[in-house]
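Undergrad: Just one file: data-v8.cif, with mmCIF, C-alpha atoms.
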data_query
#
loop_
_atom_site.label_atom_id
_atom_site.label_comp_id
_atom_site.auth_asym_id
_atom_site.auth_seq_id
_atom_site.Cartn_x
_atom_site.Cartn_y
_atom_site.Cartn_z
CA MET A 1 22.02 14.42 -35.60
CA THR A 2 19.51 11.58 -35.38
CA ILE A 3 17.20 11.60 -32.40
CA LYS A 4 16.48 8.08 -31.24
CA LEU A 5 12.88 7.55 -30.16
CA VAL A 6 12.23 5.29 -27.20
CA LYS A 7 8.73 4.08 -26.46
CA VAL A 8 7.50 3.64 -22.90
CA GLU A 9 4.24 1.72 -22.51
CA VAL A 10 2.24 1.85 -19.30
CA TYR A 11 -0.46 -0.78 -18.83
CA PHE A 12 -3.00 0.50 -16.33
CA SER A 13 -6.49 -0.05 -15.07
CA PRO A 14 -8.90 2.73 -14.08
CA VAL A 15 -9.70 0.87 -10.84
CA CYS A 16 -6.10 0.35 -9.75
CA PRO A 17 -4.96 2.50 -6.83
CA HIS A 18 -1.28 2.19 -7.77
CA CYS A 19 -1.66 3.15 -11.43
CA PRO A 20 -1.98 6.96 -11.16
CA GLY A 21 1.38 7.14 -9.42
CA ALA A 22 3.08 5.01 -12.04
CA LYS A 23 1.58 7.00 -14.91
CA LYS A 24 2.47 10.30 -13.33
CA LEU A 25 6.08 9.30 -12.74
CA VAL A 26 6.49 7.92 -16.26
CA VAL A 27 5.06 11.08 -17.84
CA GLU A 28 7.21 13.32 -15.63
CA VAL A 29 10.41 11.44 -16.37
CA ALA A 30 9.63 11.14 -20.10
CA SER A 31 8.99 14.87 -20.38
CA ARG A 32 12.63 15.51 -19.47
CA TYR A 33 13.71 13.75 -22.67
CA GLY A 34 11.62 15.93 -24.99
CA ASP A 35 10.83 14.23 -28.29
CA SER A 36 13.21 11.34 -27.60
CA VAL A 37 10.72 9.43 -25.47
CA GLU A 38 7.14 8.62 -26.37
CA VAL A 39 4.67 7.42 -23.72
CA GLU A 40 1.67 5.25 -24.48
CA GLU A 41 -0.91 4.43 -21.82
CA ILE A 42 -2.86 1.21 -22.39
CA ASN A 43 -6.13 0.76 -20.53
CA THR A 44 -6.57 -2.92 -19.67
CA TYR A 45 -10.25 -2.38 -18.99
CA THR A 46 -10.85 -2.25 -22.74
CA PRO A 47 -11.00 -5.35 -24.98
CA GLU A 48 -8.04 -4.10 -27.04
CA GLY A 49 -6.01 -3.25 -23.96
CA ILE A 50 -6.50 -6.56 -22.19
CA GLN A 51 -5.83 -8.48 -25.39
CA ARG A 52 -2.62 -6.58 -26.01
CA GLY A 53 -1.55 -6.96 -22.38
CA MET A 54 -2.09 -10.71 -22.35
CA ALA A 55 -0.25 -11.09 -25.66
CA ASN A 56 2.74 -9.31 -24.11
CA GLY A 57 2.76 -11.28 -20.86
CA VAL A 58 1.22 -8.61 -18.66
CA MET A 59 -0.42 -10.17 -15.60
CA SER A 60 -0.73 -7.22 -13.27
CA VAL A 61 -1.12 -3.46 -13.41
CA PRO A 62 0.66 -1.15 -13.50
CA THR A 63 3.26 -2.72 -15.77
CA VAL A 64 5.78 -0.58 -17.61
CA PHE A 65 7.63 -1.58 -20.76
CA VAL A 66 10.62 0.37 -22.05
CA GLU A 67 11.32 -0.16 -25.74
CA GLY A 68 9.33 -3.41 -25.74
CA GLU A 69 10.94 -4.89 -22.62
CA LYS A 70 8.97 -5.45 -19.43
CA LYS A 71 10.75 -3.39 -16.78
CA PHE A 72 8.46 -2.62 -13.86
CA VAL A 73 5.50 -4.45 -12.36
CA GLY A 74 3.58 -2.71 -9.59
CA PHE A 75 4.20 0.65 -7.97
CA PRO A 76 6.16 2.25 -6.41
CA PHE A 77 9.31 1.73 -8.39
CA LYS A 78 12.30 4.01 -8.22
CA GLU A 79 12.61 7.06 -10.43
CA GLU A 80 16.33 6.43 -10.93
CA ASP A 81 15.62 2.90 -12.16
CA LEU A 82 13.19 4.25 -14.75
CA VAL A 83 15.73 6.87 -15.84
CA ALA A 84 18.41 4.19 -16.12
CA SER A 85 16.13 2.01 -18.27
CA ILE A 86 15.37 4.87 -20.64
CA ASP A 87 19.01 5.92 -20.81
CA GLU A 88 19.99 2.36 -21.62
CA ALA A 89 17.38 2.19 -24.40
CA LEU A 90 18.68 5.49 -25.74
CA GLY A 91 22.20 4.08 -25.74
CA ARG A 92 23.52 6.60 -23.24
CA MET B 1 -6.06 10.87 -7.36
CA SER B 2 -6.48 13.77 -4.98
CA GLU B 3 -4.90 16.86 -6.52
CA THR B 4 -4.48 18.39 -3.08
CA MET B 5 -0.90 18.76 -1.97
CA TYR B 6 -0.92 18.40 1.80
CA ASP B 7 1.88 19.89 3.85
CA VAL B 8 1.93 16.78 6.01
CA ILE B 9 0.43 13.31 5.70
CA ILE B 10 0.36 11.24 8.87
CA LEU B 11 0.11 7.47 8.52
CA GLY B 12 -1.56 5.98 11.58
CA GLY B 13 -3.96 7.38 14.15
CA GLY B 14 -2.70 6.20 17.51
CA PRO B 15 -1.32 8.48 20.22
CA ALA B 16 1.81 9.31 18.18
CA GLY B 17 -0.07 10.16 14.99
CA LEU B 18 -2.77 12.17 16.72
CA THR B 19 -0.18 14.18 18.64
CA ALA B 20 1.88 14.81 15.50
CA GLY B 21 -1.34 16.12 13.92
CA ILE B 22 -1.96 18.47 16.82
CA TYR B 23 1.52 19.91 16.40
CA THR B 24 1.47 20.31 12.60
CA ALA B 25 -2.10 21.59 12.25
CA ARG B 26 -1.68 24.00 15.15
CA GLN B 27 1.25 25.51 13.21
CA GLY B 28 -1.07 26.07 10.26
CA LEU B 29 0.09 23.19 8.10
CA SER B 30 -2.56 21.37 6.06
CA THR B 31 -2.55 17.90 7.58
CA LEU B 32 -4.12 14.63 6.46
CA LEU B 33 -4.20 11.70 8.86
CA ILE B 34 -4.87 8.25 7.39
CA GLU B 35 -5.82 5.35 9.65
CA GLY B 36 -6.96 2.00 8.29
CA LYS B 37 -8.58 0.78 11.47
CA LYS B 38 -9.73 2.65 14.50
CA LEU B 39 -8.41 6.00 15.65
CA GLY B 40 -6.62 5.58 18.94
CA GLY B 41 -4.63 2.51 17.90
CA ARG B 42 -3.57 0.04 20.56
CA ALA B 43 -4.31 2.62 23.24
CA TRP B 44 -8.04 2.38 22.49
CA GLY B 45 -9.96 0.10 24.84
CA PRO B 46 -11.51 -0.34 28.26
CA HIS B 47 -8.22 -0.86 30.10
CA ARG B 48 -7.45 1.64 32.81
CA VAL B 49 -4.69 4.19 32.12
CA GLU B 50 -3.29 5.48 35.37
CA ASN B 51 0.16 6.67 34.34
CA PHE B 52 -0.68 9.37 31.81
CA PRO B 53 0.27 12.73 33.39
CA GLY B 54 -2.53 15.16 34.08
CA PHE B 55 -5.13 12.56 35.01
CA PRO B 56 -4.38 11.59 38.64
CA GLU B 57 -7.68 9.74 38.96
CA GLY B 58 -6.96 7.63 35.85
CA LEU B 59 -9.26 7.03 32.88
CA THR B 60 -9.91 4.34 30.28
CA GLY B 61 -7.91 4.09 27.08
CA THR B 62 -11.04 4.97 25.13
CA GLU B 63 -11.67 8.08 27.20
CA LEU B 64 -8.08 9.22 26.80
CA MET B 65 -8.02 8.60 23.05
CA ASN B 66 -11.33 10.41 22.58
CA ARG B 67 -9.67 13.44 24.17
CA PHE B 68 -6.70 13.10 21.79
CA ILE B 69 -9.07 12.85 18.80
CA GLU B 70 -11.15 15.84 19.91
CA GLN B 71 -8.02 17.95 20.30
CA THR B 72 -6.68 16.89 16.90
CA ARG B 73 -9.99 17.71 15.21
CA LYS B 74 -10.03 21.12 16.89
CA PHE B 75 -6.93 22.16 14.96
CA GLY B 76 -8.38 21.09 11.62
CA VAL B 77 -6.66 17.80 10.83
CA GLU B 78 -8.45 15.96 8.02
CA PHE B 79 -9.10 12.26 8.70
CA LYS B 80 -9.47 9.39 6.26
CA GLN B 81 -10.19 5.81 7.22
CA GLU B 82 -8.38 3.89 4.50
CA THR B 83 -5.88 1.05 4.46
CA ILE B 84 -2.42 2.18 3.41
CA VAL B 85 -0.90 0.09 0.63
CA GLY B 86 2.04 2.15 -0.57
CA LEU B 87 4.40 5.01 0.19
CA SER B 88 6.92 6.42 -2.23
CA ASP B 89 9.46 9.18 -2.02
CA MET B 90 9.81 11.43 -5.04
CA GLY B 91 12.02 14.04 -3.45
CA ASP B 92 10.01 17.11 -2.45
CA THR B 93 6.75 15.18 -2.96
CA LYS B 94 5.74 12.02 -1.15
CA PHE B 95 3.00 9.78 -2.54
CA VAL B 96 0.74 7.70 -0.35
CA GLN B 97 -1.51 5.05 -1.85
CA THR B 98 -4.43 3.56 0.00
CA ARG B 99 -7.12 1.08 -0.95
CA GLY B 100 -9.35 4.07 -1.62
CA GLY B 101 -7.13 6.72 -3.15
CA PHE B 102 -3.86 8.38 -3.80
CA TYR B 103 -2.49 11.36 -1.87
CA GLN B 104 0.44 13.75 -2.14
CA GLY B 105 2.28 15.46 0.67
CA LYS B 106 5.45 17.42 1.28
CA ALA B 107 6.27 15.52 4.46
CA VAL B 108 5.12 12.22 5.90
CA VAL B 109 5.01 11.15 9.53
CA VAL B 110 4.85 7.37 9.93
CA THR B 111 3.10 6.23 13.11
CA THR B 112 1.80 2.90 11.95
CA GLY B 113 2.44 1.04 15.16
CA ILE B 114 2.94 -2.68 15.20
CA GLN B 115 1.39 -4.24 12.13
CA ARG B 116 0.46 -7.71 11.10
CA LYS B 117 3.21 -9.27 9.06
CA SER B 118 2.93 -10.30 5.43
CA MET B 119 1.89 -13.91 4.77
CA ASN B 120 5.31 -14.65 3.31
CA ILE B 121 4.11 -17.73 1.48
CA PRO B 122 7.05 -19.44 -0.24
CA GLY B 123 6.88 -18.36 -3.88
CA GLU B 124 4.86 -15.20 -3.14
CA LEU B 125 7.62 -12.71 -3.91
CA GLU B 126 9.13 -14.82 -6.67
CA PHE B 127 5.86 -14.81 -8.63
CA LYS B 128 4.69 -11.29 -7.77
CA GLY B 129 3.40 -9.84 -11.04
CA ARG B 130 3.73 -13.26 -12.71
CA GLY B 131 0.62 -14.82 -11.25
CA VAL B 132 0.64 -13.45 -7.72
CA GLY B 133 -1.41 -10.31 -7.29
CA TYR B 134 -2.85 -8.20 -4.50
CA CYS B 135 -5.66 -6.37 -6.31
CA ALA B 136 -8.27 -8.72 -7.73
CA VAL B 137 -10.36 -5.97 -9.26
CA CYS B 138 -7.28 -4.50 -11.02
CA ASP B 139 -5.80 -7.70 -12.39
CA GLY B 140 -8.86 -9.95 -12.69
CA PRO B 141 -9.26 -9.42 -16.47
CA PHE B 142 -5.84 -11.02 -17.06
CA TYR B 143 -7.25 -14.30 -15.75
CA THR B 144 -10.35 -14.47 -17.91
CA ASP B 145 -11.55 -18.09 -18.14
CA GLN B 146 -8.61 -19.31 -16.05
CA PRO B 147 -8.55 -20.87 -12.56
CA VAL B 148 -7.32 -18.75 -9.64
CA ALA B 149 -6.94 -18.90 -5.88
CA VAL B 150 -8.07 -16.12 -3.55
CA VAL B 151 -6.20 -16.18 -0.25
CA GLY B 152 -7.57 -14.30 2.72
CA SER B 153 -10.01 -14.65 5.57
CA GLY B 154 -11.65 -11.22 5.70
CA LYS B 155 -14.53 -9.43 4.04
CA ASP B 156 -12.26 -8.02 1.30
CA ALA B 157 -11.21 -11.52 0.27
CA VAL B 158 -14.82 -12.73 0.08
CA GLU B 159 -15.94 -9.70 -1.91
CA ASP B 160 -13.01 -9.97 -4.31
CA ALA B 161 -13.65 -13.68 -4.90
CA LEU B 162 -17.28 -12.95 -5.77
CA ARG B 163 -16.22 -10.17 -8.15
CA LEU B 164 -13.67 -12.43 -9.85
CA ALA B 165 -16.28 -15.13 -10.35
CA ASP B 166 -17.74 -13.12 -13.23
CA THR B 167 -14.47 -13.36 -15.11
CA VAL B 168 -12.45 -16.46 -14.22
CA SER B 169 -13.28 -20.13 -14.80
CA LYS B 170 -12.77 -21.41 -11.25
CA ILE B 171 -11.93 -20.00 -7.83
CA TYR B 172 -10.40 -21.69 -4.83
CA ALA B 173 -11.17 -19.51 -1.83
CA ILE B 174 -8.53 -20.20 0.83
CA PRO B 175 -9.12 -18.50 4.19
CA GLY B 176 -6.32 -20.42 5.93
CA SER B 177 -6.24 -22.71 8.90
CA LYS B 178 -8.41 -20.45 11.07
CA GLY B 179 -11.22 -20.13 8.53
CA PHE B 180 -13.18 -17.03 7.59
CA LYS B 181 -13.75 -14.30 10.11
CA ASP B 182 -17.12 -14.01 11.78
CA GLY B 183 -19.84 -11.70 10.55
CA ILE B 184 -19.09 -11.61 6.82
CA GLU B 185 -22.49 -11.12 5.19
CA GLU B 186 -21.46 -12.40 1.75
CA LEU B 187 -20.07 -15.70 3.05
CA HIS B 188 -23.22 -17.67 2.21
CA GLU B 189 -23.14 -16.39 -1.38
CA LEU B 190 -19.49 -17.44 -1.60
CA THR B 191 -20.03 -20.99 -0.37
CA GLU B 192 -23.06 -21.46 -2.64
CA HIS B 193 -21.40 -20.12 -5.78
CA GLU B 194 -21.01 -22.79 -8.47
CA LYS B 195 -17.57 -21.54 -9.56
CA ILE B 196 -16.11 -21.28 -6.07
CA ASP B 197 -14.65 -24.04 -3.92
CA VAL B 198 -13.81 -23.08 -0.35
CA ILE B 199 -10.66 -24.84 0.88
CA ASP B 200 -11.16 -24.33 4.58
CA GLY B 201 -8.99 -25.11 7.58
CA VAL B 202 -5.66 -25.51 5.82
CA ASP B 203 -2.87 -23.10 4.86
CA ILE B 204 -0.99 -22.83 1.58
CA GLU B 205 2.41 -24.46 1.72
CA SER B 206 3.86 -22.85 -1.41
CA ILE B 207 3.12 -21.13 -4.69
CA GLU B 208 4.74 -22.95 -7.58
CA GLY B 209 5.36 -22.41 -11.26
CA ASP B 210 7.91 -21.93 -13.98
CA GLN B 211 7.80 -18.58 -15.76
CA VAL B 212 4.36 -17.99 -14.27
CA VAL B 213 2.26 -19.57 -11.54
CA THR B 214 0.96 -23.05 -12.34
CA HIS B 215 -0.30 -24.36 -8.99
CA VAL B 216 -0.29 -24.03 -5.23
CA ASN B 217 0.56 -26.75 -2.75
CA MET B 218 -1.52 -27.10 0.41
CA LYS B 219 0.01 -28.06 3.75
CA GLU B 220 -2.35 -30.90 4.47
CA GLY B 221 -5.85 -32.20 3.81
CA PRO B 222 -7.41 -34.24 1.04
CA VAL B 223 -6.43 -31.81 -1.72
CA LYS B 224 -2.65 -31.40 -1.84
CA LYS B 225 -2.30 -29.52 -5.11
CA LEU B 226 -4.51 -26.91 -6.77
CA ASP B 227 -3.93 -26.04 -10.41
CA VAL B 228 -4.25 -22.26 -10.78
CA ASN B 229 -2.80 -19.57 -13.02
CA GLY B 230 -3.28 -16.78 -10.52
CA VAL B 231 -3.09 -16.32 -6.75
CA PHE B 232 -4.66 -13.21 -5.25
CA ILE B 233 -3.48 -12.50 -1.73
CA ILE B 234 -6.06 -10.30 -0.06
CA LEU B 235 -4.92 -9.43 3.43
CA ASP B 236 -7.11 -7.36 5.67
CA HIS B 237 -4.19 -5.05 6.18
CA VAL B 238 -1.05 -4.98 4.12
CA GLY B 239 2.03 -5.48 6.27
CA THR B 240 3.18 -1.91 6.69
CA SER B 241 6.74 -2.98 7.35
CA ASP B 242 6.93 -4.31 3.78
CA ILE B 243 5.58 -1.03 2.44
CA LEU B 244 8.24 0.83 4.38
CA ARG B 245 11.01 -1.39 3.11
CA GLU B 246 9.84 -0.81 -0.46
CA SER B 247 9.87 2.96 0.09
CA GLY B 248 13.47 2.87 1.25
CA ILE B 249 12.96 3.62 4.95
CA LYS B 250 15.57 1.84 7.02
CA THR B 251 14.49 -0.53 9.74
CA ASP B 252 16.54 -2.62 12.12
CA ASP B 253 16.60 -6.41 12.15
CA GLY B 254 13.42 -6.43 14.24
CA GLY B 255 11.53 -4.27 11.74
CA CYS B 256 11.66 -1.13 13.91
CA ILE B 257 12.07 2.11 11.96
CA MET B 258 15.41 3.75 12.67
CA VAL B 259 15.16 7.45 13.57
CA ASP B 260 17.45 10.13 14.96
CA LYS B 261 16.73 12.20 18.06
CA ASN B 262 14.39 14.44 16.00
CA GLN B 263 12.40 11.44 14.71
CA ARG B 264 13.90 11.77 11.24
CA THR B 265 14.24 8.58 9.17
CA ASN B 266 16.98 8.09 6.58
CA VAL B 267 14.60 9.51 3.92
CA GLU B 268 14.46 13.30 3.85
CA GLY B 269 10.98 14.54 4.70
CA ILE B 270 9.81 11.27 6.26
CA PHE B 271 9.58 11.08 10.03
CA ALA B 272 8.45 8.32 12.37
CA ALA B 273 7.20 7.99 15.93
CA GLY B 274 5.38 5.66 18.29
CA ASP B 275 5.48 1.88 18.51
CA CYS B 276 6.84 1.55 14.94
CA VAL B 277 10.17 2.98 16.14
CA CYS B 278 10.09 0.60 19.12
CA GLY B 279 10.61 3.31 21.71
CA GLY B 280 8.93 3.11 25.04
CA MET B 281 5.74 1.35 23.91
CA GLN B 282 3.87 3.69 26.25
CA ILE B 283 1.13 6.21 25.43
CA VAL B 284 3.20 8.98 26.93
CA THR B 285 6.34 8.13 24.94
CA ALA B 286 4.32 7.72 21.74
CA ALA B 287 2.71 11.12 22.29
CA GLY B 288 6.06 12.72 23.13
CA ASP B 289 7.76 11.30 20.04
CA GLY B 290 4.71 12.20 17.95
CA GLY B 291 5.04 15.81 19.09
CA LYS B 292 8.72 15.82 18.19
CA ALA B 293 7.96 14.33 14.77
CA GLY B 294 5.26 16.97 14.20
CA LEU B 295 7.68 19.76 15.03
CA ALA B 296 10.40 18.27 12.85
CA ALA B 297 7.92 17.96 9.96
CA PHE B 298 6.91 21.59 10.48
CA ARG B 299 10.54 22.73 10.29
CA TYR B 300 11.09 20.60 7.19
CA VAL B 301 8.04 21.98 5.34
CA LYS B 302 9.06 25.53 6.22
CA SER B 303 12.55 24.89 4.86
CA LEU B 304 11.04 23.58 1.63
CA LYS B 305 8.96 26.73 1.25
CA ARG B 306 12.05 28.90 1.75
CA ARG B 307 13.98 26.81 -0.77
CA ASN B 308 11.27 27.02 -3.45
#
For this file, produce the structure as structure tokens.

TA:
Amino acid sequence: MTIKLVKVEVYFSPVCPHCPGAKKLVVEVASRYGDSVEVEEINTYTPEGIQRGMANGVMSVPTVFVEGEKKFVGFPFKEEDLVASIDEALGR
Amino acid sequence: MSETMYDVIILGGGPAGLTAGIYTARQGLSTLLIEGKKLGGRAWGPHRVENFPGFPEGLTGTELMNRFIEQTRKFGVEFKQETIVGLSDMGDTKFVQTRGGFYQGKAVVVTTGIQRKSMNIPGELEFKGRGVGYCAVCDGPFYTDQPVAVVGSGKDAVEDALRLADTVSKIYAIPGSKGFKDGIEELHELTEHEKIDVIDGVDIESIEGDQVVTHVNMKEGPVKKLDVNGVFIILDHVGTSDILRESGIKTDDGGCIMVDKNQRTNVEGIFAAGDCVCGGMQIVTAAGDGGKAGLAAFRYVKSLKRRN
């Protein structure tokens, strides 16, 4: 059986009060999927991070992409919506 | 983020919140009370209170609230003076975000009173995250060498505009029709800054754009249109009613939180009391409902401990 890998990207800033909550929720939800979901955290307070964010249309943190698609801007967002996005990307 | 898991987090430090704290802390629950302004809420002040039972001679609102605060401290409630910007329900854990930090609790008691409403500028919600932002220090780097507007009349707005000036190409500081508040030390620096234009005495009519923000329209005055790529809305206090709506707590058409007879909201583990539930609007009713909410939170936390 092939395990499909879905990538979840979280753009964050170390000075953003909403970002820890978003990161924590993403990591918690992703952990339920085992190896099927990979999480990448991108720090927009680094030259590489801000450049990558701007290239992908990020204008605010936290912003969460699921499989390359911008899904959530700001926090809080609902856990069930994140689960639904990942399930959709996994083809469930 | 604070790693501490509080049993109860109380949002708001008026008579309802302080009384809820007395009830939860006295039962041995670790309790954090967050108030963005002054403890005592609307009850604080020089007005005479002559209808609070137990004080037949009457006393001032300040004197009465100082007694509430002293009693709450006595039972070990922890206080933080921070503006609340978010509340989210993750089942057995509730997350509270403030301008200064991030806190976790098993139960939350909302006693935020009557709050200032959001600015509700046309286009604000439509372009949220696509040019409209609420945290200049977080999102400033996305506007490097671009023009932005900073909307707000308080110290936070002035400070954020000055911080952004290091990054962006141009700033329009827009305090609104009533101008900046008195006593802001950094105001002189703002008005003298070469990158900052203060658009004083006029409100924003709308935020406009296509995929992202392109400009704002002003209601009147010599400058009708400002070309900007970002609009930072820096309110002194975020409209708590909006925060509550985002967290899923039901309110009625007037924005009052809906609770049952035990002060429970529709969200398990979140309770509410005081003016925000639009009860009696009296110190005594706020305190009474706060006590009920504290007891209900205590029972809820105990049930969680039994369950886990």

Undergrad: Mind giving me the straight-line distance from CA of Lys305 in chain B to CA of Thr93 in chain B in Å, one decimal?

TA: 12.5 Å

Undergrad: Using the chain letters and numbers from the file, which residues does the PyMOL selection byres ((chain B and resi 270) around 6) grab, as number ranges by chain?

TA: B: 107-109, 265, 267-269, 271

Undergrad: Quick one, how far is CA of Arg264 in chain B from CA of Val277 in chain B?

TA: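 Computing the Euclidean distance for CA of Arg264 in chain B and CA of Val277 in chain B yields 10.7 Å.
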
Undergrad: Evaluate the PyMOL selection byres ((chain B) within 9 of (chain A)) here and jot the selected residues down as a ChimeraX atom specification.

TA: /B:1,85-90,95,97-102,128-133,135,137-143,230,246-247

Undergrad: Those same residues, written as a tab-separated table (two decimals), in the frame of the given file with C-alpha atoms?

TA:
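Output file selection09.tsv is given in full below:
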chain	number	residue	atom	x	y	z
B	1	MET	CA	-6.06	10.87	-7.36
B	85	VAL	CA	-0.90	0.09	0.63
B	86	GLY	CA	2.04	2.15	-0.57
B	87	LEU	CA	4.40	5.01	0.19
B	88	SER	CA	6.92	6.42	-2.23
B	89	ASP	CA	9.46	9.18	-2.02
B	90	MET	CA	9.81	11.43	-5.04
B	95	PHE	CA	3.00	9.78	-2.54
B	97	GLN	CA	-1.51	5.05	-1.85
B	98	THR	CA	-4.43	3.56	0.00
B	99	ARG	CA	-7.12	1.08	-0.95
B	100	GLY	CA	-9.35	4.07	-1.62
B	101	GLY	CA	-7.13	6.72	-3.15
B	102	PHE	CA	-3.86	8.38	-3.80
B	128	LYS	CA	4.69	-11.29	-7.77
B	129	GLY	CA	3.40	-9.84	-11.04
B	130	ARG	CA	3.73	-13.26	-12.71
B	131	GLY	CA	0.62	-14.82	-11.25
B	132	VAL	CA	0.64	-13.45	-7.72
B	133	GLY	CA	-1.41	-10.31	-7.29
B	135	CYS	CA	-5.66	-6.37	-6.31
B	137	VAL	CA	-10.36	-5.97	-9.26
B	138	CYS	CA	-7.28	-4.50	-11.02
B	139	ASP	CA	-5.80	-7.70	-12.39
B	140	GLY	CA	-8.86	-9.95	-12.69
B	141	PRO	CA	-9.26	-9.42	-16.47
B	142	PHE	CA	-5.84	-11.02	-17.06
B	143	TYR	CA	-7.25	-14.30	-15.75
B	230	GLY	CA	-3.28	-16.78	-10.52
B	246	GLU	CA	9.84	-0.81	-0.46
B	247	SER	CA	9.87	2.96	0.09

Undergrad: List the residues selected by the PyMOL selection byres ((chain B and resi 66-69) around 9) in the file shown, writing them as an mmCIF file with C-alpha atoms, in the coordinates of the input.

TA:
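Result file is result19.cif:
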data_model
loop_
_atom_site.group_PDB
_atom_site.id
_atom_site.type_symbol
_atom_site.label_atom_id
_atom_site.label_comp_id
_atom_site.auth_asym_id
_atom_site.auth_seq_id
_atom_site.Cartn_x
_atom_site.Cartn_y
_atom_site.Cartn_z
ATOM 1 C CA GLY B 13 -3.960 7.380 14.150
ATOM 2 C CA PRO B 15 -1.320 8.480 20.220
ATOM 3 C CA LEU B 18 -2.770 12.170 16.720
ATOM 4 C CA THR B 19 -0.180 14.180 18.640
ATOM 5 C CA ILE B 22 -1.960 18.470 16.820
ATOM 6 C CA LEU B 39 -8.410 6.000 15.650
ATOM 7 C CA GLY B 40 -6.620 5.580 18.940
ATOM 8 C CA TRP B 44 -8.040 2.380 22.490
ATOM 9 C CA GLY B 61 -7.910 4.090 27.080
ATOM 10 C CA THR B 62 -11.040 4.970 25.130
ATOM 11 C CA GLU B 63 -11.670 8.080 27.200
ATOM 12 C CA LEU B 64 -8.080 9.220 26.800
ATOM 13 C CA MET B 65 -8.020 8.600 23.050
ATOM 14 C CA GLU B 70 -11.150 15.840 19.910
ATOM 15 C CA GLN B 71 -8.020 17.950 20.300
ATOM 16 C CA THR B 72 -6.680 16.890 16.900
ATOM 17 C CA ARG B 73 -9.990 17.710 15.210
ATOM 18 C CA LYS B 74 -10.030 21.120 16.890
#

Undergrad: Can you work out which one of A:Glu28, A:Arg52, A:Gly68, A:Asn43 has the shortest atom-to-atom distance to Leu82 in chain A, counting only C-alpha atoms?

TA: A:Glu28
